[in-house]
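Below is model.cif, holding mmCIF, C-alpha atoms and all ligand atoms.
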```
data_query
loop_
_atom_site.label_atom_id
_atom_site.label_comp_id
_atom_site.auth_asym_id
_atom_site.auth_seq_id
_atom_site.Cartn_x
_atom_site.Cartn_y
_atom_site.Cartn_z
CA MET A 1 25.92 0.76 -8.91
CA GLU A 2 26.43 -2.59 -7.22
CA PRO A 3 23.08 -3.76 -5.97
CA PRO A 4 23.38 -3.54 -2.18
CA GLY A 5 21.89 -7.01 -2.02
CA GLY A 6 18.99 -7.93 0.13
CA VAL A 7 18.95 -8.81 3.79
CA PRO A 8 15.83 -9.92 5.65
CA LEU A 9 14.27 -7.45 8.05
CA THR A 10 12.34 -8.83 11.00
CA ALA A 11 10.40 -7.27 13.85
CA ARG A 12 8.94 -9.18 16.76
CA GLY A 13 6.50 -8.07 19.44
CA LEU A 14 6.92 -4.32 18.98
CA ARG A 15 4.99 -2.26 21.51
CA ARG A 16 5.01 1.49 21.88
CA SER A 17 2.81 3.83 23.93
CA PHE A 18 3.14 7.57 24.35
CA ASP A 19 2.14 9.70 27.33
CA ASP A 20 -1.60 9.03 27.12
CA GLY A 21 -0.94 5.30 27.57
CA VAL A 22 -2.71 4.28 24.36
CA ALA A 23 -0.76 1.57 22.52
CA VAL A 24 0.28 3.05 19.18
CA LEU A 25 2.08 -0.22 18.39
CA ASP A 26 0.28 -3.10 20.04
CA GLY A 27 2.42 -6.16 19.36
CA VAL A 28 3.66 -5.84 15.78
CA ASP A 29 5.49 -8.67 13.99
CA LEU A 30 6.98 -8.10 10.54
CA ASP A 31 8.97 -10.23 8.11
CA VAL A 32 10.38 -8.66 4.97
CA GLY A 33 12.29 -11.09 2.79
CA PRO A 34 15.67 -10.15 1.29
CA GLY A 35 15.25 -7.63 -1.50
CA ARG A 36 11.47 -7.62 -1.10
CA THR A 37 9.18 -4.64 -0.70
CA LEU A 38 6.60 -4.61 2.06
CA ALA A 39 3.87 -1.97 1.84
CA LEU A 40 2.41 -0.96 5.18
CA LEU A 41 -1.14 0.12 4.46
CA GLY A 42 -3.50 1.62 7.00
CA PRO A 43 -5.72 4.57 7.86
CA SER A 44 -4.38 7.79 9.33
CA GLY A 45 -3.19 7.41 12.91
CA CYS A 46 -2.92 3.59 12.94
CA GLY A 47 0.80 3.69 13.78
CA LYS A 48 2.53 3.31 10.40
CA THR A 49 4.99 6.18 10.84
CA THR A 50 5.73 5.13 14.42
CA LEU A 51 6.56 1.64 13.17
CA LEU A 52 8.84 3.03 10.47
CA ARG A 53 10.59 5.26 13.03
CA VAL A 54 11.17 2.25 15.28
CA LEU A 55 12.66 0.31 12.34
CA ALA A 56 14.90 3.30 11.52
CA GLY A 57 16.05 3.70 15.13
CA LEU A 58 14.47 7.16 15.37
CA ASP A 59 12.20 5.90 18.14
CA VAL A 60 12.70 3.26 20.83
CA PRO A 61 9.87 0.75 21.43
CA ASP A 62 8.79 -0.18 24.96
CA GLU A 63 9.17 -3.84 23.98
CA GLY A 64 10.20 -5.94 21.02
CA THR A 65 13.09 -6.53 18.68
CA VAL A 66 14.19 -5.40 15.23
CA THR A 67 16.66 -7.58 13.39
CA CYS A 68 18.35 -7.01 10.03
CA GLY A 69 20.02 -10.16 8.70
CA ASP A 70 21.75 -11.55 11.78
CA ARG A 71 22.23 -8.11 13.37
CA VAL A 72 19.95 -7.15 16.23
CA LEU A 73 19.26 -3.41 15.78
CA THR A 74 16.81 -2.93 18.63
CA GLY A 75 16.21 -5.39 21.45
CA PRO A 76 16.59 -5.96 25.15
CA GLY A 77 19.88 -4.24 26.05
CA THR A 78 20.68 -3.43 22.40
CA PHE A 79 20.15 -0.26 20.43
CA VAL A 80 22.04 0.50 17.23
CA ALA A 81 22.04 4.23 16.44
CA PRO A 82 20.16 5.26 13.26
CA GLU A 83 23.34 6.25 11.41
CA GLU A 84 24.88 2.84 12.17
CA ARG A 85 21.91 0.82 10.85
CA ARG A 86 22.61 1.02 7.12
CA VAL A 87 19.02 2.14 6.70
CA GLY A 88 18.03 4.78 4.14
CA MET A 89 14.90 6.78 4.78
CA VAL A 90 12.72 9.00 2.58
CA PHE A 91 10.19 11.13 4.43
CA GLN A 92 6.85 12.53 3.31
CA ASP A 93 8.25 16.00 2.75
CA TRP A 94 11.59 14.73 1.27
CA ALA A 95 13.37 17.29 3.53
CA LEU A 96 16.04 18.41 1.05
CA PHE A 97 18.45 21.03 2.35
CA PRO A 98 17.53 24.19 0.38
CA HIS A 99 20.97 25.79 0.71
CA LEU A 100 22.87 22.75 -0.63
CA THR A 101 23.22 21.70 -4.25
CA VAL A 102 21.57 18.52 -5.43
CA ALA A 103 24.93 16.72 -5.35
CA ARG A 104 25.63 17.82 -1.78
CA ASN A 105 22.16 16.80 -0.72
CA VAL A 106 22.78 13.36 -2.19
CA GLY A 107 26.23 13.16 -0.57
CA PHE A 108 24.89 14.11 2.84
CA GLY A 109 24.74 10.57 4.24
CA LEU A 110 28.19 9.54 2.98
CA GLU A 111 31.45 9.51 4.91
CA ARG A 112 32.85 13.03 5.29
CA PRO A 113 35.51 12.88 2.51
CA ASP A 114 32.87 11.72 0.00
CA ARG A 115 30.20 14.28 0.78
CA ARG A 116 31.13 16.92 -1.81
CA SER A 117 32.04 14.63 -4.64
CA SER A 118 32.05 10.89 -4.99
CA PRO A 119 31.26 8.28 -7.63
CA ARG A 120 28.45 7.21 -5.30
CA ILE A 121 26.74 10.57 -5.75
CA ASP A 122 26.95 10.28 -9.53
CA GLU A 123 25.78 6.66 -9.41
CA ALA A 124 22.81 7.48 -7.24
CA LEU A 125 21.78 10.44 -9.41
CA GLY A 126 22.16 8.25 -12.48
CA MET A 127 19.96 5.58 -10.95
CA VAL A 128 17.13 8.01 -10.28
CA GLY A 129 17.44 9.40 -13.81
CA LEU A 130 18.94 12.79 -12.93
CA PRO A 131 22.58 12.36 -13.97
CA ASP A 132 23.18 15.98 -14.98
CA LEU A 133 21.48 17.92 -12.23
CA GLY A 134 24.10 17.69 -9.47
CA ASP A 135 24.95 21.41 -9.59
CA ARG A 136 21.36 22.64 -9.40
CA MET A 137 19.71 23.98 -6.24
CA PRO A 138 16.64 22.05 -5.01
CA ASP A 139 14.22 24.95 -5.58
CA THR A 140 14.99 24.91 -9.31
CA LEU A 141 13.66 21.34 -9.62
CA SER A 142 10.12 20.09 -10.13
CA GLY A 143 8.36 18.21 -7.34
CA GLY A 144 9.00 14.88 -9.03
CA GLN A 145 12.69 15.68 -9.47
CA GLN A 146 13.05 16.73 -5.83
CA GLN A 147 11.45 13.48 -4.79
CA ARG A 148 14.00 11.57 -6.85
CA VAL A 149 16.85 13.53 -5.26
CA ALA A 150 15.53 12.46 -1.85
CA LEU A 151 15.59 8.87 -3.07
CA ALA A 152 19.11 9.29 -4.45
CA ARG A 153 20.22 10.60 -1.06
CA ALA A 154 18.72 7.55 0.64
CA ILE A 155 20.35 5.03 -1.72
CA ALA A 156 23.79 6.70 -2.11
CA PRO A 157 25.23 5.08 1.06
CA ARG A 158 24.05 1.68 -0.27
CA PRO A 159 21.73 0.89 2.58
CA SER A 160 20.68 -2.63 3.51
CA VAL A 161 17.13 -1.44 4.03
CA LEU A 162 15.14 1.40 2.53
CA LEU A 163 12.24 2.95 4.46
CA LEU A 164 9.81 5.18 2.56
CA ASP A 165 7.15 7.18 4.40
CA GLU A 166 4.35 8.24 2.02
CA PRO A 167 6.92 9.41 -0.53
CA PHE A 168 4.33 10.47 -3.11
CA SER A 169 1.96 12.42 -0.89
CA ASN A 170 3.40 15.79 -1.93
CA LEU A 171 3.02 15.17 -5.65
CA ASP A 172 0.17 16.26 -7.91
CA ALA A 173 -2.14 13.47 -8.97
CA SER A 174 -0.86 13.79 -12.55
CA LEU A 175 2.75 13.18 -11.46
CA ARG A 176 2.08 10.52 -8.87
CA THR A 177 1.46 7.66 -11.25
CA GLN A 178 4.63 8.32 -13.23
CA VAL A 179 6.82 8.78 -10.15
CA ARG A 180 5.28 5.68 -8.61
CA THR A 181 6.25 3.66 -11.68
CA ASP A 182 9.77 5.17 -11.69
CA VAL A 183 10.24 4.27 -8.02
CA HIS A 184 8.80 0.81 -8.59
CA ALA A 185 11.30 0.19 -11.43
CA LEU A 186 14.13 1.52 -9.26
CA LEU A 187 13.26 -0.73 -6.32
CA VAL A 188 13.17 -3.75 -8.63
CA GLU A 189 16.57 -2.78 -10.04
CA LEU A 190 18.12 -2.08 -6.63
CA GLY A 191 16.85 -5.28 -5.06
CA VAL A 192 17.04 -3.60 -1.67
CA THR A 193 14.80 -4.69 1.19
CA THR A 194 12.16 -1.97 1.48
CA VAL A 195 9.33 -0.98 3.78
CA PHE A 196 6.97 1.53 2.27
CA VAL A 197 4.23 3.32 4.21
CA THR A 198 1.03 4.50 2.55
CA HIS A 199 -2.68 4.92 3.12
CA ASP A 200 -3.31 4.54 -0.62
CA GLN A 201 -4.39 1.06 -1.65
CA ASP A 202 -3.23 1.46 -5.28
CA GLU A 203 0.26 2.47 -4.17
CA ALA A 204 0.45 -0.40 -1.70
CA PHE A 205 -0.63 -2.94 -4.30
CA VAL A 206 1.65 -1.61 -7.06
CA LEU A 207 4.81 -1.36 -4.96
CA GLY A 208 4.35 -4.08 -2.38
CA ASP A 209 5.44 -7.65 -3.05
CA GLU A 210 3.57 -8.08 0.19
CA VAL A 211 1.11 -5.75 1.85
CA ALA A 212 0.58 -5.54 5.62
CA VAL A 213 -2.71 -3.91 6.57
CA MET A 214 -2.54 -2.06 9.89
CA SER A 215 -5.32 -0.91 12.16
CA ALA A 216 -5.01 0.55 15.65
CA GLY A 217 -1.41 -0.51 16.19
CA ARG A 218 -1.80 -4.05 14.91
CA ILE A 219 -1.22 -5.83 11.63
CA VAL A 220 -4.56 -7.38 10.82
CA GLN A 221 -3.51 -9.16 7.63
CA SER A 222 -0.34 -9.54 5.65
CA GLY A 223 0.21 -11.22 2.32
CA PRO A 224 0.57 -10.74 -1.43
CA PRO A 225 -1.84 -8.08 -2.79
CA GLU A 226 -4.06 -10.60 -4.57
CA GLU A 227 -4.52 -12.59 -1.38
CA LEU A 228 -5.67 -9.48 0.47
CA TYR A 229 -8.02 -8.54 -2.33
CA LEU A 230 -9.53 -11.97 -2.90
CA ARG A 231 -9.29 -13.43 0.60
CA PRO A 232 -9.54 -10.60 3.12
CA VAL A 233 -9.70 -11.86 6.71
CA ASP A 234 -12.65 -9.67 7.65
CA ARG A 235 -15.11 -7.15 6.27
CA TRP A 236 -12.97 -4.19 7.35
CA VAL A 237 -9.97 -5.39 5.33
CA ALA A 238 -12.32 -6.23 2.44
CA GLY A 239 -13.52 -2.63 2.34
CA PHE A 240 -10.13 -1.08 2.98
CA VAL A 241 -8.36 -2.77 0.06
CA GLY A 242 -11.06 -2.16 -2.55
CA GLU A 243 -14.71 -1.60 -3.28
CA ALA A 244 -16.80 -4.29 -1.61
CA ASN A 245 -20.45 -5.32 -1.86
CA LEU A 246 -21.61 -7.46 1.02
CA LEU A 247 -24.67 -9.49 0.08
CA ALA A 248 -26.81 -10.79 2.90
CA GLY A 249 -27.14 -14.56 2.45
CA HIS A 250 -27.69 -17.94 4.02
CA ALA A 251 -24.92 -20.50 3.68
CA HIS A 252 -25.44 -24.22 3.15
CA GLY A 253 -21.93 -25.64 2.96
CA ASP A 254 -20.14 -24.51 -0.19
CA ARG A 255 -23.01 -22.31 -1.46
CA ALA A 256 -25.01 -19.42 -0.12
CA THR A 257 -28.44 -18.22 -1.15
CA THR A 258 -28.36 -14.47 -1.83
CA ALA A 259 -30.45 -11.83 -3.60
CA LEU A 260 -28.38 -12.68 -6.73
CA GLY A 261 -29.26 -16.37 -6.47
CA PRO A 262 -27.06 -19.19 -5.13
CA LEU A 263 -23.35 -18.22 -5.08
CA PRO A 264 -20.37 -20.57 -4.55
CA LEU A 265 -18.33 -19.91 -1.39
CA ASP A 266 -14.55 -20.26 -1.10
CA THR A 267 -14.90 -21.71 2.41
CA PRO A 268 -17.87 -23.78 3.54
CA ALA A 269 -20.17 -22.09 6.05
CA THR A 270 -23.56 -22.60 7.62
CA GLY A 271 -26.27 -20.13 8.52
CA PRO A 272 -26.44 -16.37 7.95
CA VAL A 273 -23.44 -14.85 6.13
CA ASP A 274 -22.47 -11.71 4.24
CA VAL A 275 -20.98 -12.66 0.88
CA LEU A 276 -18.25 -10.46 -0.64
CA ALA A 277 -18.89 -9.52 -4.27
CA ARG A 278 -16.31 -7.17 -5.81
CA PRO A 279 -17.86 -4.73 -8.32
CA GLU A 280 -16.01 -6.34 -11.24
CA SER A 281 -17.40 -9.76 -10.34
CA LEU A 282 -20.88 -8.48 -11.17
CA VAL A 283 -22.26 -7.89 -14.66
CA LEU A 284 -25.27 -5.93 -15.88
CA GLU A 285 -27.64 -6.91 -18.62
CA SER A 286 -30.42 -4.77 -19.93
CA VAL A 287 -33.71 -6.46 -19.17
CA GLY A 288 -34.83 -8.47 -22.18
CA ALA A 289 -31.34 -8.71 -23.72
CA PRO A 290 -29.71 -12.17 -23.95
CA ALA A 291 -27.01 -12.86 -21.35
CA ALA A 292 -23.94 -11.69 -23.27
CA GLY A 293 -20.44 -12.98 -22.64
CA ALA A 294 -21.13 -14.49 -19.24
CA PRO A 295 -22.48 -17.98 -19.76
CA ASP A 296 -21.48 -19.11 -16.26
CA ALA A 297 -23.13 -16.16 -14.53
CA GLY A 298 -25.42 -16.91 -11.62
CA GLU A 299 -29.14 -16.54 -12.02
CA GLY A 300 -28.98 -12.91 -10.93
CA ALA A 301 -31.64 -10.46 -9.87
CA SER A 302 -33.56 -7.50 -11.25
CA GLY A 303 -32.45 -4.03 -10.32
CA GLU A 304 -32.60 -0.40 -11.27
CA VAL A 305 -29.60 1.75 -12.18
CA ARG A 306 -29.35 4.63 -9.73
CA LEU A 307 -26.12 6.28 -10.81
CA VAL A 308 -23.58 5.94 -13.64
CA GLU A 309 -19.91 6.92 -13.13
CA TYR A 310 -17.77 6.74 -16.25
CA VAL A 311 -14.02 7.04 -15.60
CA GLY A 312 -12.56 6.20 -19.03
CA ARG A 313 -11.21 2.68 -18.61
CA ASP A 314 -14.46 1.46 -17.04
CA THR A 315 -17.87 2.50 -15.82
CA GLY A 316 -19.18 2.22 -12.29
CA TYR A 317 -22.88 1.72 -11.67
CA LEU A 318 -24.87 1.94 -8.47
CA VAL A 319 -27.74 -0.49 -8.85
CA ASP A 320 -30.63 -0.93 -6.46
CA VAL A 321 -31.39 -4.62 -6.03
CA ALA A 322 -34.28 -5.26 -3.66
CA GLY A 323 -33.38 -2.22 -1.57
CA GLN A 324 -29.61 -2.87 -1.40
CA VAL A 325 -27.44 -0.59 -3.52
CA LEU A 326 -24.68 -2.60 -5.24
CA ARG A 327 -21.58 -1.29 -6.95
CA VAL A 328 -20.96 -2.82 -10.38
CA ARG A 329 -17.90 -2.06 -12.49
CA VAL A 330 -17.83 -2.90 -16.17
CA PRO A 331 -15.00 -2.22 -18.68
CA GLY A 332 -15.58 0.50 -21.27
CA ALA A 333 -18.15 3.22 -21.78
CA PRO A 334 -21.63 3.23 -20.22
CA ARG A 335 -24.12 0.82 -21.71
CA CYS A 336 -26.96 1.54 -19.31
CA ALA A 337 -28.41 4.82 -18.15
CA ARG A 338 -29.81 6.04 -14.85
CA GLY A 339 -33.28 4.61 -14.32
CA ASP A 340 -32.74 1.57 -16.61
CA ALA A 341 -34.16 -1.75 -15.49
CA VAL A 342 -31.30 -4.30 -15.48
CA ARG A 343 -30.40 -7.78 -14.40
CA VAL A 344 -27.34 -8.11 -12.12
CA ARG A 345 -25.42 -11.37 -12.18
CA HIS A 346 -22.36 -12.67 -10.35
CA ILE A 347 -19.55 -13.95 -12.60
CA GLY A 348 -16.64 -14.28 -10.19
CA GLY A 349 -15.37 -17.60 -8.84
CA PRO A 350 -16.13 -18.81 -5.33
CA ALA A 351 -16.72 -15.85 -3.04
CA ARG A 352 -15.50 -14.96 0.43
CA SER A 353 -18.10 -14.79 3.19
CA PHE A 354 -18.11 -13.28 6.66
CA PRO A 355 -20.28 -13.82 9.70
CA PRO A 356 -23.05 -11.24 9.67
CA THR A 357 -22.85 -8.27 12.01
CA ASP A 358 -26.01 -7.06 13.73
CA ARG A 359 -28.39 -7.26 10.85
P1 LIG A 401 -0.65 9.14 9.20
O1 LIG A 401 -1.03 8.27 8.04
O2 LIG A 401 -1.68 10.17 9.52
O3 LIG A 401 0.73 9.69 9.11
P2 LIG A 401 0.22 6.99 10.95
O4 LIG A 401 -0.50 5.70 10.72
O5 LIG A 401 1.56 7.12 10.35
O6 LIG A 401 -0.71 8.20 10.53
P3 LIG A 401 1.47 7.62 13.46
O7 LIG A 401 2.08 8.88 12.96
O8 LIG A 401 2.36 6.48 13.71
O9 LIG A 401 0.26 7.17 12.52
O10 LIG A 401 0.67 7.99 14.81
C1 LIG A 401 -0.12 7.02 15.50
C2 LIG A 401 -0.66 7.65 16.76
O11 LIG A 401 0.41 7.92 17.66
C3 LIG A 401 -1.37 8.97 16.55
O12 LIG A 401 -2.50 9.00 17.36
C4 LIG A 401 -0.35 9.98 16.99
O13 LIG A 401 -0.99 11.15 17.50
C5 LIG A 401 0.39 9.25 18.08
N1 LIG A 401 1.80 9.70 18.22
C6 LIG A 401 2.75 9.55 17.27
N2 LIG A 401 3.92 10.06 17.73
C7 LIG A 401 3.67 10.56 18.97
C8 LIG A 401 4.48 11.22 19.98
N3 LIG A 401 5.77 11.47 19.76
N4 LIG A 401 3.87 11.58 21.11
C9 LIG A 401 2.56 11.31 21.34
N5 LIG A 401 1.77 10.69 20.45
C10 LIG A 401 2.30 10.32 19.27
#
```

Written as structure tokens, how would this file's structure read?
Ligand code: ATP
Amino acid sequence: MEPPGGVPLTARGLRRSFDDGVAVLDGVDLDVGPGRTLALLGPSGCGKTTLLRVLAGLDVPDEGTVTCGDRVLTGPGTFVAPEERRVGMVFQDWALFPHLTVARNVGFGLERPDRRSSPRIDEALGMVGLPDLGDRMPDTLSGGQQQRVALARAIAPRPSVLLLDEPFSNLDASLRTQVRTDVHALLVELGVTTVFVTHDQDEAFVLGDEVAVMSAGRIVQSGPPEELYLRPVDRWVAGFVGEANLLAGHAHGDRATTALGPLPLDTPATGPVDVLARPESLVLESVGAPAAGAPDAGEGASGEVRLVEYVGRDTGYLVDVAGQVLRVRVPGAPRCARGDAVRVRHIGGPARSFPPTDR
């Protein structure tokens, strides 16, 4: 299949309220570069699906514009119908037609003469790894296969933009990771501009070249995944995109005094702060043991292990340090047990800090 080639997708000032007057979209700007994938990440009800529907032309905003390349799709006095947008969409429930074969499902969005049989159907099925299943009925396929058929249907018309709304939410946990990787590989191969909605941080980080975090109808931060993880704009984003310890501290320029000793800050500050320490930027040492493998660790503090959570690739610990319970994550199997006295040290680079709340 010819890659459809990427076009930029842009939204400016999107606003949308429903009957109760609450702004579900409260001034949303988006920029998705050509062939890039933007993951829209946010809690339930923050407006992700509404935004996707506006981009698809399934809903009309009260204000704002949507532009694809140099084509205005939605704007003052302009509204391009969904079927004219060259936008492919995959919904949460995939919505395959149960009475149509796989091939006819995939051909559904094509011009009428091509719907029953077309090289585009075969190409699309080939791309999603189901080249021989065109004659099957949807209910004879596994969940993962049905999901791929829905994707094939979306890509068969060679859309300029692909919109995916929680496409993995109907899959078992065991299948999700594999299907996620398959879809990731497919998006890379297609090079099609994509917006992908999820409330799952892992999915957003894996699939998104950029991630836009939404809350209450607004995009609160947008950027590459590592920027969101390492430099969240506020404590809410910090906690939404990963596990976060916030250490009460006092900043003096580029360092802050905390319960774990003085820690370097990524941005100078003065006065009371809460310092972000991700669980993997902390290490544990049994009391009395030499500091192993972390020569640049901060001075640290004594604590007591409250809980041990082993998940195979790493072990999570909840450690009480002077009354604050910290999450620590260390690769491999447990090396400390509940009740052990330990020393907790910070090994990450300069840390993010936030103004304190009402402590
Ligand atoms: P989820 O992750 O649960 O799907 P979401 O972030 O996709 O949530 P939306 O589906 O966009 O959120 O809904 C945002 C808010 O807008 C919700 O409070 C919802 O009830 C409301 N809403 C969405 N569509 C309509 C509608 N057609 N009429 C009235 N309210 C609506």

Practice prompt. Kindly indicate which residue among A:Gly21, A:Gly217, A:Gly35, A:Gly88 lies nearest to Pro157 in chain A, using all atoms listed in the file for the distances.
Written response: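 Ranked by minimum distance to Pro157 in chain A, first place goes to A:Gly88.
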
Worksheet item: Between CA of Val283 in chain A and CA of Ala341 in chain A, what is the spacing in Å?
Response: 13.4 Å

Discussion item. Give me, as a count of residues only, the set of residues whose atoms come within 10 Å of any atom of ligand LIG 401 (chain A), counting all atoms listed in the file.
Written reply: 37

Worksheet item: So which residues touch Leu263 in chain A within 12 Å, counting all atoms listed in the file, skipping near sequence neighbours fewer than 3 positions away, as a count of residues only?
Response: 38

Item to complete: Might you pull out every residue within 12 Å of Ala185 in chain A, with all atoms listed in the file counted and same-chain residues fewer than 3 positions away left off, and present them as a ChimeraX atom specification?
Response: /A:37,127-129,178-182,188-192,206-207

Discussion item. I'd like the contact shell of Asp122 in chain A - 8 Å cut-off, all atoms listed in the file, skipping same-chain residues fewer than 3 positions apart - returned as a list in words.
Written reply: Ala103, Ser118, Pro119, Leu125, Gly126, Pro131 and Gly134 of chain A

Worksheet item: Do you know which residues are at most 9 Å from Gly64 in chain A counting all atoms listed in the file, after dropping those on the same chain fewer than 4 positions away, and could you put them as a ChimeraX atom specification?
Response: /A:11-15,27-29,74-76

Item to complete: Grab the CA of Gly6 in chain A to CA of Ala124 in chain A distance for me, in Å with one decimal place.
Response: 17.5 Å

Practice prompt. Identify which of the residues A:Thr177, A:Asn170, A:Thr315, A:Thr270 lies closest to Cys336 in chain A, counting only C-alpha atoms when measuring atom-to-atom distances.
Written response: A:Thr315

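For the pair CA of Ala56 in chain A and CA of Val87 in chain A, the interatomic distance is 6.4 Å.
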
I'd like the box whose edges run along x, y and z of the file and which contains every listed atom of range 26-41 of chain A, padded by 8 Å per side; could you state its centre and edge lengths in Å, one decimal, as lines of an AutoDock Vina configuration file?
```
center_x = 7.3
center_y = -5.5
center_z = 9.3
size_x = 32.8
size_y = 27.2
size_z = 37.5
```

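Closest approach to Gly223 in chain A among A:Cys68, A:Gly208, A:Pro279, A:Arg120: A:Gly208, based on all atoms listed in the file.
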
Worksheet, complete the sentence: Of A:Gly107, A:Pro98, A:Pro356, A:Gly77, the one nearest to Arg235 in chain A when counting all atoms listed in the file is A:Pro356
